[in-house]
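Worksheet: the structure to be examined is printed underneath.
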Amino acid sequence: MLDFTFHMPTRIIFGAGRLAELGRTRLPGRKALVVISAGGSMRRTGHLDKVLALLAQNGCATVIFDKIQPNPVLTHVDEGAALARAEGCDFVLGLGGGSTIDSAKSIALAAANPGSYWDYIQSGTGGRKRPERPALPVVAIPTTAGTGTEADPWTVITREDTNEKIGWGDDSTYPALSIVDPMLMVSVPPAVTAMTGMDAFFHAAEAYLSTARQPSSDLLALEAVSLISQFLPQAVKDGNSVQVRTMLAWASTAAGLCESLSSCISHHSLEHALSAHHPALPHGAGLVMLSLPYFEVMARFQPKRCADLAVTMGEDIEGMELREQGLALVTALRKLIAAVGLDGLKMSDYGVTREEIPALARNARETMGGLFAVTPVDLREDAVIAIFEKAYR
């Protein structure tokens, strides 16, 4: 029985060179808070200057907020929202990776409503309030092929003092406009290309396994898994090919659409606990570290769906029993991780200790319990601890 909701209100402009349309397309406001990372890459690559020039060409004033961290934090969301209100900004533009665009969405929501952004978080120590007003409109311009946040309403922010990394979103935090220009991604270094690409891979794979899946998300998930398996190793070896970057950009956006139409599952909950406690850990790296034991569990209980993913990744499962067909996903995933140079990742290199594992397991369930509800396997705390233990190096 089919039973689903399809809602995707974002206008997406996709293609190499299409950033230029920012200078003439209809914008959702006349003064933008332009949100970028604190690392300086948007200035070094010239992306910021180009965007500011195009906005000016379109008659739009701008204010820059440049404090976003790789794992964005509540302090900067509330600070950015205060700046947007003080400057009279009527929309927010996120330029950069997923952390920047997630922050732009959160700032847009907080700028339009009283109090702190955390007042509207629905789990953990969040205030569980409902926003009185919709978020300011958001324009998303991704410069990495990773989160797919340009095609979904979700935003993930960490509250620093409680080590809670929680996702949230509503219909108003869908970007009003997203411009996905693969030319902006050519400068991304190999390691970042690999980690962000694997994040997109897991969005798609998890959406395909999720109990919230629907026919359209299944199609997009398999498309994204196929493209990432084929093109991510190529982009890591040589990122200068616009064609390869275009394929990965579409895969990331397709996986983001999956997050709108289906959902991630508890693999992401486990990683959020890791990088909430260790903010120097890149999200994609944390997902990779947890992935083999996590998907081994999924394969035991969902062998048919995992076998579909394995075949999409190029594995030959003919003649295998169903259990072995499902576990072929783990084999394919191990090969992909090695092909993109991430097989040497270790939690201990980021300061994670084995003694923390019980606390990490509790954090995953308490702060991101909603993703456990759409996971096709009932993962109790002892099962989560076992996954962490098996992944730990």
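Letters A, B, ... mark the chains of the structure tokens in the order given; residue numbers begin at 1 per chain; ligand numbers begin at 1, in order shown.
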
If you run DSSP over the backbone, which residues in segment 28-259 of chain A end up strand (DSSP E)? Put them as a count of residues only. 40

Which residues of segment 336-368 of chain A come within 9 Å of segment 232-254 of chain A, and for each one, what is the closest pair of atoms and their distance in Å to one decimal, counting only C-alpha atoms, sorted by chain and residue number, as CSV?
```
residue,atom,partner,partner_atom,distance
A:Leu336,CA,A:Pro233,CA,7.7
A:Ala339,CA,A:Pro233,CA,5.7
A:Val340,CA,A:Pro233,CA,5.1
A:Gly341,CA,A:Val236,CA,8.3
```

Writing out the chosen residues with N, CA, C and O atoms as a short mmCIF file (atom, residue, chain, number, x, y, z; two decimals), in the first residue's frame:
```cif
data_model
loop_
_atom_site.label_atom_id
_atom_site.label_comp_id
_atom_site.auth_asym_id
_atom_site.auth_seq_id
_atom_site.Cartn_x
_atom_site.Cartn_y
_atom_site.Cartn_z
N LEU A 336 34.55 1.17 -1.57
CA LEU A 336 34.39 2.59 -1.87
C LEU A 336 35.19 3.44 -0.89
O LEU A 336 35.86 4.40 -1.29
N ALA A 339 38.70 3.31 -1.88
CA ALA A 339 38.93 3.99 -3.16
C ALA A 339 39.01 5.51 -3.01
O ALA A 339 39.65 6.18 -3.83
N VAL A 340 38.36 6.06 -1.98
CA VAL A 340 38.40 7.51 -1.77
C VAL A 340 39.39 7.88 -0.66
O VAL A 340 39.43 9.03 -0.21
N GLY A 341 40.18 6.90 -0.20
CA GLY A 341 41.27 7.20 0.72
C GLY A 341 40.88 7.43 2.16
O GLY A 341 41.64 8.04 2.91
#
```

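Taking atom CA of Thr62 of chain A and atom CA of Val138 of chain A as the two end points, the separation is 13.7 Å.
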
Go through A:Leu360, A:Ala332, A:Val352, A:Ile179 and flag the residue nearest Glu271 of chain A, using only C-alpha atoms for the distances. A:Leu360

List the neighbours of segment 199-207 of chain A out to 7 Å using only C-alpha atoms; skip same-chain residues closer than 3 positions along the sequence, and give me the result as an MDAnalysis selection string. chainID A and resid 146:148 195:196 210 213 221 224:225 228 252 255 258:259 262:265 284

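Residues surrounding segment 98-109 of chain A within 6 Å are Ile36, Pro70, Pro72, Val77, Gly80, Ala81, Gly94, Gly96, Ala111, Ala112, Ala135, Leu136, Thr147, Thr155 and Thr173 of chain A [only C-alpha atoms; sequence separation below 2 positions excluded].
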
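Among the candidates A:Ala280, A:Thr353, A:Gly197, A:Pro175, the one nearest to Gln230 of chain A when counting only C-alpha atoms is A:Gly197.
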
Excluding segment 318-328 of chain A and residues on its chain fewer than 6 positions from it, collect all residues at most 9 Å away from it, counting only C-alpha atoms, and give them as a ChimeraX atom specification. /A:295-296,298-311

Residues from the last selection, C-alpha atoms, saved as a CSV table (one decimal), in the first residue's frame:
```csv
chain,number,residue,atom,x,y,z
A,295,PHE,CA,25.3,-1.4,7.8
A,296,GLU,CA,26.3,-5.0,8.7
A,298,MET,CA,21.1,-3.4,8.6
A,299,ALA,CA,22.1,-6.1,6.1
A,300,ARG,CA,21.2,-8.9,8.6
A,301,PHE,CA,17.7,-7.5,9.0
A,302,GLN,CA,17.1,-5.8,5.6
A,303,PRO,CA,19.0,-8.1,3.2
A,304,LYS,CA,16.8,-7.4,0.1
A,305,ARG,CA,17.2,-3.6,0.3
A,306,CYS,CA,20.9,-3.8,1.2
A,307,ALA,CA,21.3,-6.1,-1.8
A,308,ASP,CA,19.7,-3.5,-4.1
A,309,LEU,CA,22.3,-1.0,-2.9
A,310,ALA,CA,25.1,-3.4,-3.4
A,311,VAL,CA,24.1,-4.1,-7.0
```

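Every protein, DNA or RNA residue with an atom at most 6 Å from segment 10-22 of chain A, where only C-alpha atoms count and chain neighbours fewer than 2 positions away do not, is listed here: A:Met8, A:Arg24, A:Thr25, A:Leu54, A:Pro175, A:Ala176, A:Leu177, A:Ser178, A:Ile179, A:Val180, A:Asp181, A:Pro182, A:Met183.
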
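Residues in contact with Phe6 of chain A at 10 Å, where only C-alpha atoms are counted and same-chain residues fewer than 4 positions away are skipped, are listed as Gln214, Ser216, Ser217, Ser260, Leu261 and Ser262 of chain A.
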